[in-house]
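K.L.:
Provided below: start_1.cif, containing mmCIF, C-alpha atoms and all ligand atoms.
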data_work
#
loop_
_atom_site.label_atom_id
_atom_site.label_comp_id
_atom_site.auth_asym_id
_atom_site.auth_seq_id
_atom_site.Cartn_x
_atom_site.Cartn_y
_atom_site.Cartn_z
CA MET L 226 55.06 25.17 -26.68
CA GLY L 227 58.37 23.33 -26.89
CA GLU L 228 58.90 19.92 -25.39
CA PRO L 229 60.31 20.25 -21.87
CA ALA L 230 63.79 18.71 -21.65
CA ALA L 231 63.92 15.74 -19.27
CA ASP L 232 67.55 16.49 -18.47
CA LEU L 233 68.36 20.21 -18.12
CA SER L 234 71.70 19.86 -19.86
CA ARG L 235 70.36 18.01 -22.93
CA TYR L 236 68.24 19.57 -25.66
CA ASP L 237 67.28 18.73 -29.23
CA VAL L 238 68.58 22.15 -30.25
CA ILE L 239 70.72 24.70 -28.46
CA VAL L 240 70.64 28.27 -29.72
CA VAL L 241 73.73 30.33 -28.93
CA GLY L 242 73.01 34.07 -28.72
CA SER L 243 69.99 36.01 -27.53
CA GLY L 244 69.32 38.62 -30.19
CA PRO L 245 66.52 38.63 -32.76
CA ALA L 246 68.09 35.73 -34.72
CA GLY L 247 68.44 33.50 -31.65
CA VAL L 248 64.97 34.34 -30.36
CA SER L 249 63.42 33.57 -33.74
CA ALA L 250 65.35 30.29 -33.99
CA ALA L 251 64.33 29.21 -30.47
CA ILE L 252 60.64 30.03 -30.96
CA ASN L 253 60.57 28.14 -34.25
CA VAL L 254 62.22 25.04 -32.74
CA ALA L 255 59.75 25.13 -29.83
CA ASN L 256 56.90 25.56 -32.29
CA ARG L 257 57.98 22.24 -33.85
CA LYS L 258 57.67 20.61 -30.41
CA ARG L 259 61.38 20.05 -29.96
CA SER L 260 63.24 20.82 -26.75
CA VAL L 261 65.36 23.95 -27.02
CA ALA L 262 67.41 26.24 -24.78
CA LEU L 263 68.77 29.68 -25.53
CA LEU L 264 72.25 30.33 -24.15
CA GLY L 265 72.33 34.09 -24.17
CA GLY L 266 75.57 35.33 -22.63
CA GLN L 267 75.76 37.25 -19.36
CA ALA L 268 73.45 40.02 -20.53
CA PRO L 269 70.79 38.39 -22.71
CA PHE L 270 69.29 40.69 -25.39
CA GLY L 271 72.22 43.06 -24.75
CA ARG L 272 72.79 44.33 -28.26
CA ILE L 273 69.23 44.83 -29.46
CA ARG L 274 68.49 46.83 -26.27
CA LYS L 275 71.05 49.41 -27.46
CA ALA L 276 69.03 50.32 -30.56
CA PRO L 277 67.23 53.55 -29.60
CA TRP L 278 64.72 53.24 -32.38
CA ILE L 279 63.89 50.54 -34.92
CA ALA L 280 61.83 52.07 -37.69
CA ASN L 281 61.93 49.34 -40.31
CA TYR L 282 60.79 46.17 -38.50
CA PRO L 283 57.43 45.18 -39.96
CA GLY L 284 54.47 45.80 -37.69
CA PHE L 285 56.32 48.10 -35.29
CA THR L 286 56.49 51.66 -36.59
CA SER L 287 58.01 53.06 -33.41
CA ALA L 288 59.63 50.28 -31.36
CA SER L 289 62.73 50.92 -29.31
CA GLY L 290 65.25 48.09 -28.88
CA GLU L 291 64.13 47.86 -25.22
CA GLU L 292 60.50 47.33 -26.25
CA LEU L 293 61.42 44.73 -28.82
CA ALA L 294 63.61 42.88 -26.28
CA ALA L 295 60.72 42.88 -23.76
CA ALA L 296 58.39 41.48 -26.43
CA PHE L 297 60.97 38.79 -27.30
CA GLU L 298 61.22 37.79 -23.64
CA ARG L 299 57.44 37.48 -23.34
CA HIS L 300 57.33 35.37 -26.50
CA LEU L 301 60.04 33.00 -25.22
CA GLU L 302 58.22 32.67 -21.90
CA GLU L 303 55.01 31.87 -23.73
CA PHE L 304 56.83 29.02 -25.53
CA ASP L 305 58.56 27.85 -22.33
CA VAL L 306 62.04 28.38 -23.80
CA PRO L 307 64.65 28.60 -21.03
CA VAL L 308 66.99 31.58 -21.45
CA ILE L 309 70.26 30.69 -19.76
CA GLY L 310 72.68 33.53 -18.93
CA GLU L 311 75.82 31.72 -19.98
CA LYS L 312 78.39 32.65 -22.59
CA VAL L 313 79.40 29.72 -24.80
CA SER L 314 83.13 29.46 -25.25
CA LYS L 315 83.50 26.21 -27.18
CA ILE L 316 81.47 23.67 -29.14
CA ILE L 317 82.86 20.22 -29.82
CA PRO L 318 81.20 17.70 -32.17
CA ASP L 319 80.89 14.23 -30.64
CA VAL L 320 79.20 11.05 -31.81
CA ASP L 321 75.62 12.04 -32.75
CA GLU L 322 75.68 15.20 -30.65
CA LEU L 323 77.36 18.54 -30.10
CA VAL L 324 78.91 19.32 -26.74
CA VAL L 325 78.41 22.98 -25.82
CA PHE L 326 80.62 24.50 -23.15
CA GLY L 327 79.07 27.30 -21.10
CA GLU L 328 80.97 29.01 -18.31
CA ARG L 329 79.38 26.94 -15.55
CA GLU L 330 77.73 23.99 -17.27
CA VAL L 331 78.34 21.66 -20.17
CA TYR L 332 75.32 21.10 -22.44
CA HIS L 333 74.51 18.54 -25.13
CA ALA L 334 72.43 19.05 -28.25
CA GLY L 335 71.51 17.22 -31.43
CA ALA L 336 71.84 20.47 -33.38
CA VAL L 337 73.07 23.99 -32.70
CA VAL L 338 72.08 27.37 -34.12
CA LEU L 339 74.76 30.04 -33.81
CA ALA L 340 73.23 33.51 -33.48
CA THR L 341 76.03 35.36 -31.75
CA GLY L 342 75.80 38.70 -33.57
CA VAL L 343 78.64 40.42 -35.33
CA TYR L 344 82.11 39.77 -33.94
CA ARG L 345 84.02 43.01 -33.38
CA GLU L 346 86.66 42.19 -30.78
CA ALA L 347 90.30 43.14 -31.30
CA GLU L 348 92.85 40.35 -31.39
CA ILE L 349 96.40 40.25 -30.11
CA GLU L 350 99.07 39.49 -32.71
CA GLY L 351 99.63 35.73 -32.77
CA GLU L 352 96.42 34.94 -30.85
CA GLU L 353 94.58 33.26 -33.70
CA ASP L 354 97.59 31.10 -34.68
CA LEU L 355 97.98 29.70 -31.17
CA VAL L 356 94.39 28.63 -30.56
CA GLY L 357 94.63 25.03 -29.37
CA GLN L 358 98.41 25.39 -29.05
CA GLY L 359 98.50 27.28 -25.78
CA VAL L 360 95.72 29.83 -26.28
CA SER L 361 92.31 28.98 -24.85
CA TYR L 362 89.00 30.79 -24.33
CA CYS L 363 87.49 28.14 -22.08
CA VAL L 364 88.52 27.34 -18.50
CA THR L 365 85.92 24.55 -18.26
CA CYS L 366 87.30 22.87 -21.41
CA ASP L 367 91.03 23.34 -20.96
CA GLY L 368 91.71 24.25 -17.32
CA ARG L 369 92.59 20.73 -16.29
CA LEU L 370 95.22 20.41 -19.05
CA PHE L 371 97.30 23.03 -17.24
CA ALA L 372 96.89 21.89 -13.61
CA GLY L 373 99.98 22.79 -11.61
CA ARG L 374 101.39 24.88 -14.47
CA ARG L 375 101.60 28.60 -15.25
CA ALA L 376 99.06 30.60 -17.21
CA ALA L 377 98.46 34.21 -18.15
CA PHE L 378 94.80 35.19 -17.98
CA ILE L 379 94.01 38.18 -20.23
CA SER L 380 90.57 39.65 -19.58
CA TYR L 381 88.78 42.46 -21.41
CA VAL L 382 85.95 42.62 -18.85
CA PRO L 383 85.55 42.21 -15.05
CA GLU L 384 83.56 38.97 -15.54
CA GLY L 385 86.90 37.32 -16.33
CA GLU L 386 87.85 37.52 -12.64
CA GLU L 387 85.53 34.66 -11.71
CA GLU L 388 86.94 32.47 -14.47
CA ALA L 389 90.52 33.30 -13.48
CA ALA L 390 89.67 32.45 -9.87
CA ALA L 391 88.27 29.09 -11.00
CA LEU L 392 91.42 28.42 -13.02
CA ALA L 393 93.57 29.07 -9.95
CA GLU L 394 91.38 27.45 -7.30
CA ASP L 395 89.64 24.58 -9.09
CA PHE L 396 92.48 23.56 -11.40
CA GLY L 397 95.51 24.61 -9.33
CA VAL L 398 96.99 26.76 -12.09
CA ASP L 399 99.55 29.44 -11.21
CA VAL L 400 97.72 32.45 -12.71
CA THR L 401 98.99 35.89 -13.70
CA TYR L 402 95.96 38.11 -14.36
CA LEU L 403 96.18 40.88 -16.98
CA PRO L 404 93.08 43.11 -16.82
CA LEU L 405 92.49 45.18 -19.96
CA TYR L 406 89.85 47.31 -18.21
CA GLN L 407 89.76 49.96 -15.49
CA GLY L 408 88.68 49.40 -11.88
CA ASP L 409 89.35 47.25 -8.83
CA HIS L 410 90.00 43.52 -9.00
CA ARG L 411 88.71 40.74 -6.78
CA LEU L 412 90.90 37.71 -7.14
CA PRO L 413 92.06 34.99 -4.76
CA GLU L 414 95.35 35.43 -2.95
CA GLY L 415 98.15 33.93 -4.98
CA VAL L 416 96.89 35.29 -8.31
CA ARG L 417 99.37 37.91 -9.48
CA VAL L 418 97.73 40.95 -11.08
CA LEU L 419 99.58 42.99 -13.72
CA SER L 420 97.41 46.09 -14.27
CA GLY L 421 98.00 48.36 -17.25
CA ALA L 422 100.20 45.78 -19.01
CA ARG L 423 98.63 45.44 -22.46
CA PRO L 424 100.01 42.38 -24.32
CA THR L 425 101.27 43.18 -27.80
CA ARG L 426 102.13 39.70 -29.09
CA LEU L 427 101.77 36.00 -28.29
CA ALA L 428 104.31 33.53 -29.65
CA ARG L 429 105.53 30.01 -28.96
CA ALA L 430 109.10 29.74 -27.72
CA ASP L 431 110.94 26.75 -26.18
CA GLY L 432 107.73 24.83 -25.53
CA HIS L 433 106.12 27.81 -23.77
CA VAL L 434 104.00 30.76 -24.79
CA ARG L 435 105.72 34.12 -24.61
CA VAL L 436 103.43 37.05 -23.82
CA SER L 437 105.11 40.28 -24.96
CA LEU L 438 104.35 43.16 -22.61
CA PRO L 439 105.73 46.68 -22.52
CA GLY L 440 108.80 46.37 -20.31
CA GLU L 441 108.84 42.64 -19.56
CA ASP L 442 107.78 39.40 -21.22
CA LEU L 443 105.88 36.59 -19.51
CA GLN L 444 106.81 32.97 -20.13
CA VAL L 445 103.80 30.70 -19.49
CA ASP L 446 102.40 27.30 -20.42
CA ALA L 447 99.02 28.67 -21.49
CA VAL L 448 97.20 31.90 -22.17
CA PHE L 449 93.50 32.10 -21.33
CA ILE L 450 91.62 34.99 -22.93
CA TYR L 451 88.26 36.28 -21.74
CA LYS L 452 86.17 38.55 -24.01
CA ASN L 453 82.49 39.37 -24.29
CA SER L 454 82.28 37.37 -27.49
CA VAL L 455 84.18 34.56 -29.11
CA SER L 456 85.26 34.61 -32.76
CA PRO L 457 83.41 32.08 -34.91
CA ARG L 458 86.65 30.35 -35.80
CA THR L 459 87.59 29.67 -32.18
CA LEU L 460 84.05 28.73 -31.13
CA LEU L 461 83.98 25.61 -33.28
CA GLU L 462 86.86 23.97 -35.08
CA GLY L 463 86.21 23.47 -38.78
CA LEU L 464 83.69 26.30 -39.03
CA ALA L 465 84.31 28.22 -42.26
CA SER L 466 84.44 31.97 -41.73
CA ASP L 467 86.11 35.14 -42.94
CA GLY L 468 87.20 35.81 -39.36
CA ARG L 469 84.14 37.90 -38.47
CA HIS L 470 81.30 36.14 -40.27
CA VAL L 471 80.32 32.48 -40.40
CA THR L 472 80.04 31.15 -43.96
CA VAL L 473 76.58 29.67 -44.60
CA GLY L 474 74.53 28.31 -47.47
CA ARG L 475 70.91 29.14 -48.41
CA ARG L 476 69.63 26.85 -45.66
CA MET L 477 71.85 28.53 -43.06
CA GLU L 478 73.99 25.37 -42.91
CA THR L 479 77.62 25.92 -41.92
CA GLY L 480 79.27 22.81 -43.32
CA VAL L 481 79.63 21.26 -39.85
CA PRO L 482 76.82 18.65 -39.60
CA GLY L 483 74.01 19.85 -37.33
CA VAL L 484 75.37 23.39 -36.97
CA TYR L 485 73.48 26.35 -38.47
CA ALA L 486 74.06 30.08 -38.18
CA ALA L 487 71.78 33.10 -38.44
CA GLY L 488 71.67 36.87 -38.08
CA ASP L 489 74.47 39.43 -37.97
CA CYS L 490 77.03 36.64 -37.46
CA THR L 491 76.49 35.48 -41.06
CA GLY L 492 77.14 38.92 -42.57
CA GLU L 493 75.55 42.16 -43.69
CA PRO L 494 73.07 43.75 -43.72
CA TYR L 495 73.12 43.98 -39.91
CA GLN L 496 69.36 44.27 -39.57
CA THR L 497 66.69 42.90 -37.27
CA ALA L 498 64.30 41.57 -39.92
CA LYS L 499 67.10 39.74 -41.74
CA ALA L 500 68.23 38.19 -38.43
CA VAL L 501 64.72 37.00 -37.59
CA GLY L 502 64.24 35.47 -41.05
CA GLU L 503 67.54 33.64 -40.98
CA GLY L 504 66.80 32.43 -37.43
CA GLN L 505 63.62 30.80 -38.69
CA VAL L 506 65.34 29.10 -41.64
CA ALA L 507 68.12 27.83 -39.36
CA ALA L 508 65.60 26.45 -36.85
CA LEU L 509 63.55 24.60 -39.45
CA GLU L 510 66.68 23.15 -41.01
CA ALA L 511 67.96 22.06 -37.60
CA VAL L 512 64.67 20.25 -36.95
CA ARG L 513 64.80 18.67 -40.39
CA PHE L 514 68.37 17.50 -39.68
CA LEU L 515 67.22 15.81 -36.44
CA ARG L 516 64.29 14.16 -38.16
CA LYS L 517 66.49 12.78 -40.94
CA ARG L 518 68.96 11.43 -38.45
CA THR L 519 66.24 9.72 -36.41
CA ARG L 520 64.88 8.11 -39.60
CA ALA L 521 68.33 6.93 -40.65
CA ALA L 522 68.95 5.43 -37.21
CA ALA L 523 65.57 3.63 -37.30
CA ALA L 524 66.33 2.22 -40.78
CA GLY L 525 69.58 0.73 -39.48
CA PRO L 526 73.05 0.45 -41.05
CA ASP L 527 71.95 -1.69 -44.03
CA ALA L 528 69.21 0.67 -45.25
C1 LIG S 1 72.40 51.50 -31.99
C2 LIG S 1 71.81 50.47 -32.89
C3 LIG S 1 70.77 50.81 -33.75
C4 LIG S 1 70.21 49.86 -34.61
N1 LIG S 1 69.15 50.21 -35.40
C5 LIG S 1 68.57 49.27 -36.19
C6 LIG S 1 67.40 49.59 -37.00
O1 LIG S 1 66.89 50.70 -37.00
N2 LIG S 1 66.87 48.59 -37.77
C7 LIG S 1 67.37 47.32 -37.78
O2 LIG S 1 66.81 46.46 -38.47
N3 LIG S 1 68.46 47.01 -37.05
C8 LIG S 1 69.07 47.95 -36.26
N4 LIG S 1 70.19 47.62 -35.51
C9 LIG S 1 70.82 46.33 -35.74
C10 LIG S 1 70.16 45.18 -34.98
O3 LIG S 1 70.18 45.46 -33.60
C11 LIG S 1 70.93 43.91 -35.32
O4 LIG S 1 70.94 43.69 -36.70
C12 LIG S 1 70.29 42.72 -34.64
O5 LIG S 1 70.28 42.89 -33.25
C13 LIG S 1 71.06 41.45 -35.02
O6 LIG S 1 70.51 40.38 -34.35
P1 LIG S 1 71.35 39.06 -34.01
O7 LIG S 1 70.42 38.18 -33.27
O8 LIG S 1 71.99 38.55 -35.23
O9 LIG S 1 72.54 39.54 -33.09
P2 LIG S 1 72.58 40.40 -31.74
O10 LIG S 1 71.35 41.21 -31.56
O11 LIG S 1 73.89 41.07 -31.76
O12 LIG S 1 72.53 39.29 -30.61
C14 LIG S 1 73.58 38.42 -30.37
C15 LIG S 1 73.57 38.09 -28.90
O13 LIG S 1 74.36 36.96 -28.69
C16 LIG S 1 75.12 37.12 -27.50
N5 LIG S 1 76.33 36.32 -27.66
C17 LIG S 1 77.43 36.61 -28.43
N6 LIG S 1 78.35 35.65 -28.31
C18 LIG S 1 77.83 34.74 -27.44
C19 LIG S 1 78.31 33.51 -26.91
N7 LIG S 1 79.52 33.02 -27.25
N8 LIG S 1 77.52 32.82 -26.03
C20 LIG S 1 76.28 33.30 -25.69
N9 LIG S 1 75.78 34.47 -26.17
C21 LIG S 1 76.55 35.16 -27.03
C22 LIG S 1 75.42 38.62 -27.44
O14 LIG S 1 75.67 39.00 -26.12
C23 LIG S 1 74.14 39.21 -28.02
O15 LIG S 1 73.20 39.52 -27.01
C24 LIG S 1 70.74 48.54 -34.63
C25 LIG S 1 71.78 48.21 -33.78
C26 LIG S 1 72.32 49.15 -32.90
C27 LIG S 1 73.44 48.73 -31.99
#
Could the structure of this file be written out as structure tokens, please?
Ligand SMILES: Cc1cc2nc3c(=O)[nH]c(=O)nc-3n(C[C@H](O)[C@H](O)[C@H](O)COP(=O)(O)OP(=O)(O)OC[C@H]3O[C@@H](n4cnc5c(N)ncnc54)[C@H](O)[C@@H]3O)c2cc1C
P.N.:
Amino acid sequence: MGEPAADLSRYDVIVVGSGPAGVSAAINVANRKRSVALLGGQAPFGRIRKAPWIANYPGFTSASGEELAAAFERHLEEFDVPVIGEKVSKIIPDVDELVVFGEREVYHAGAVVLATGVYREAEIEGEEDLVGQGVSYCVTCDGRLFAGRRAAFISYVPEGEEEAAALAEDFGVDVTYLPLYQGDHRLPEGVRVLSGARPTRLARADGHVRVSLPGEDLQVDAVFIYKNSVSPRTLLEGLASDGRHVTVGRRMETGVPGVYAAGDCTGEPYQTAKAVGEGQVAALEAVRFLRKRTRAAAAGPDA
């Protein structure tokens, strides 16, 4: 069993992503008696559930993804690991900790394991270049910077509506909502909705961000983008990646102190057994990192 966290926003290790890699990492941290939480996105175990049949995972000759996900859930329960249905949009290193931004809450951890699966989302031209310069994926982190100003909110999924509403209502931002999905929208009065307007380009112009749309352009102070997943590069500044995969060493270390990565997000082969193995290595290394840091702190600055 893992150590229960005294404060529900602070953990020794936070695991981001609820597939086989994240589950393995969380169980292995808990097994070492450290407090751990799994932040699993809105639909935890979403991807593995889609596998109709997994024929090559040792010990299970005929498991479906559903069955494996159910077994993972039972295992996490057994180890008292909380599975929190929040998508992480940003991680910021601070003194001796990592600050992890969910959609509702802000969490703190001594170490983080990224297990977010493979990143497949399309990007708008210019999006990547403007991250931190007008493009944001995190209302909780950046909403207040644009209070009283204008923002475009581009959302690939209906879940973005709640975030856009928060941006308008909690932070007083003048929001234009661009849904890139079909269906009705539920947004507060005052939020302008531009349906069927697919942005083709984002660029900085005269201190603003110009959103190129078929027919008209929007001139805004910020562009918030809501997707099911977040590219490794935008999740954490300084994380080395090839755009889709996080670069790691043999110990699943990323190069950012205290941050490890495991599973499909580190590269091919996209396979369950590989994800589980890397999750374990990442967890043990994260625990080792915490232990080393505690020892160094106890020895003092002159040691
Ligand atoms: C149809 C299908 C068939 C497959 N068949 C096989 C097979 O036969 N054998 C085999 O070994 N493998 C198979 N796979 C591949 C296997 O499912 C993956 O390799 C495995 O799930 C990878 O595990 P992972 O933990 O790295 O990532 P994933 O299982 O992708 O889990 C990542 C999780 O993290 C969540 N997440 C992403 N970003 C965030 C964020 N920012 N915050 C919070 N949560 C986030 C996602 O929602 C997702 O649930 C199959 C996959 C599919 C889709």
K.L.:
For the atom pair CA of Ser243 in chain L and CA of Gly342 in chain L, what is the interatomic distance in Å to one decimal place?
P.N.:
8.8 Å
K.L.:
As AutoDock Vina command-line options, please: the centre and edge lengths in Å, to one decimal, of an axis-aligned box enclosing every listed atom of ligand LIG 1 (chain S) with 3 Å added on each side.
P.N.:
--center_x 73.2 --center_y 42.2 --center_z -32.1 --size_x 18.7 --size_y 24.7 --size_z 18.8
K.L.:
Could you pull out the residues sitting within 8 Å of ligand LIG 1 (chain S), using all atoms listed in the file, and write them as number ranges by chain?
P.N.:
L: 241-248, 264-282, 290, 310-315, 327, 340-344, 453-455, 460, 487-491, 494-501, 504
K.L.:
When you look at Val338 in chain L with a cut-off of 8 Å (counting all atoms listed in the file), what residues show up, excluding the ones that are within fewer than 2 positions of it in the same chain? I need them as a list in words.
P.N.:
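After dropping sequence-adjacent residues, the list is Val238, Ile239, Val240, Val241, Gly247, Ala250, Ala336, Ala340, Val484, Tyr485, Ala486, Ala487, Ala507, Ala508 and Ala511 of chain L.
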K.L.:
Taking all atoms listed in the file into account, name the residue in L:Val416, L:Val308, L:Ala295, L:Ala391 that is nearest to Ala262 in chain L.
P.N.:
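Comparing L:Val416, L:Val308, L:Ala295, L:Ala391 against Ala262 in chain L, the winner is L:Val308.
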K.L.:
Take CA of Glu510 in chain L and CA of Ala294 in chain L and report the distance between them in Å, one decimal.
P.N.:
24.8 Å
K.L.:
Pick out the residues sitting within 9 Å of Glu386 in chain L, and hand them over as a VMD selection string; count only C-alpha atoms, and ignore anything fewer than 5 positions along from it in its own chain.
P.N.:
chain L and resid 380 391 402 404 410 to 412
K.L.:
Selected residues, C-alpha atoms, written as a JSON list (two decimals), in the coordinates of the input, please.
P.N.:
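Generated output (out-v4.json):
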[["chain", "number", "residue", "atom", "x", "y", "z"],
["L", 380, "SER", "CA", 90.57, 39.65, -19.58],
["L", 391, "ALA", "CA", 88.27, 29.09, -11.00],
["L", 402, "TYR", "CA", 95.96, 38.11, -14.36],
["L", 404, "PRO", "CA", 93.08, 43.11, -16.82],
["L", 410, "HIS", "CA", 90.00, 43.52, -9.00],
["L", 411, "ARG", "CA", 88.71, 40.74, -6.78],
["L", 412, "LEU", "CA", 90.90, 37.71, -7.14]]
K.L.:
Could you work out how far CA of Leu323 in chain L lies from CA of Leu515 in chain L, giving the answer in Å with one decimal?
P.N.:
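So the answer is 12.3 Å.
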K.L.:
Residues near range 258-260 of chain L, anyone? I mean within 12 Å using only C-alpha atoms, not counting same-chain ones fewer than 3 positions away, as a ChimeraX atom specification.
P.N.:
/L:226-240,250-255,263,304-307,333-337,508-509,511-513,515-516
K.L.:
Which residues are near Leu427 in chain L? Cut-off 7 Å, all atoms listed in the file, ignore same chain within fewer than 3 positions. Put them as a list in words.
P.N.:
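Returned residues: Glu350, Gly351, Glu352, Val434, Arg435, Val436 and Ser437 of chain L.
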K.L.:
Rank L:Tyr362, L:Met477, L:Glu291, L:Ala422 by their smallest atom-to-atom distance to Tyr451 in chain L, using all atoms listed in the file, and report the top residue only.
P.N.:
L:Tyr362
K.L.:
Skipping near chain neighbours, those fewer than 2 positions away, what residues fall within 12 Å of Asp354 in chain L using only C-alpha atoms, listed as a JSON list (two decimals) with C-alpha atoms, in the frame of the given file?
P.N.:
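What ended up in result23.json:
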[["chain", "number", "residue", "atom", "x", "y", "z"],
["L", 348, "GLU", "CA", 92.85, 40.35, -31.39],
["L", 349, "ILE", "CA", 96.40, 40.25, -30.11],
["L", 350, "GLU", "CA", 99.07, 39.49, -32.71],
["L", 351, "GLY", "CA", 99.63, 35.73, -32.77],
["L", 352, "GLU", "CA", 96.42, 34.94, -30.85],
["L", 356, "VAL", "CA", 94.39, 28.63, -30.56],
["L", 357, "GLY", "CA", 94.63, 25.03, -29.37],
["L", 358, "GLN", "CA", 98.41, 25.39, -29.05],
["L", 359, "GLY", "CA", 98.50, 27.28, -25.78],
["L", 360, "VAL", "CA", 95.72, 29.83, -26.28],
["L", 361, "SER", "CA", 92.31, 28.98, -24.85],
["L", 426, "ARG", "CA", 102.13, 39.70, -29.09],
["L", 427, "LEU", "CA", 101.77, 36.00, -28.29],
["L", 428, "ALA", "CA", 104.31, 33.53, -29.65],
["L", 429, "ARG", "CA", 105.53, 30.01, -28.96],
["L", 434, "VAL", "CA", 104.00, 30.76, -24.79],
["L", 458, "ARG", "CA", 86.65, 30.35, -35.80],
["L", 459, "THR", "CA", 87.59, 29.67, -32.18]]
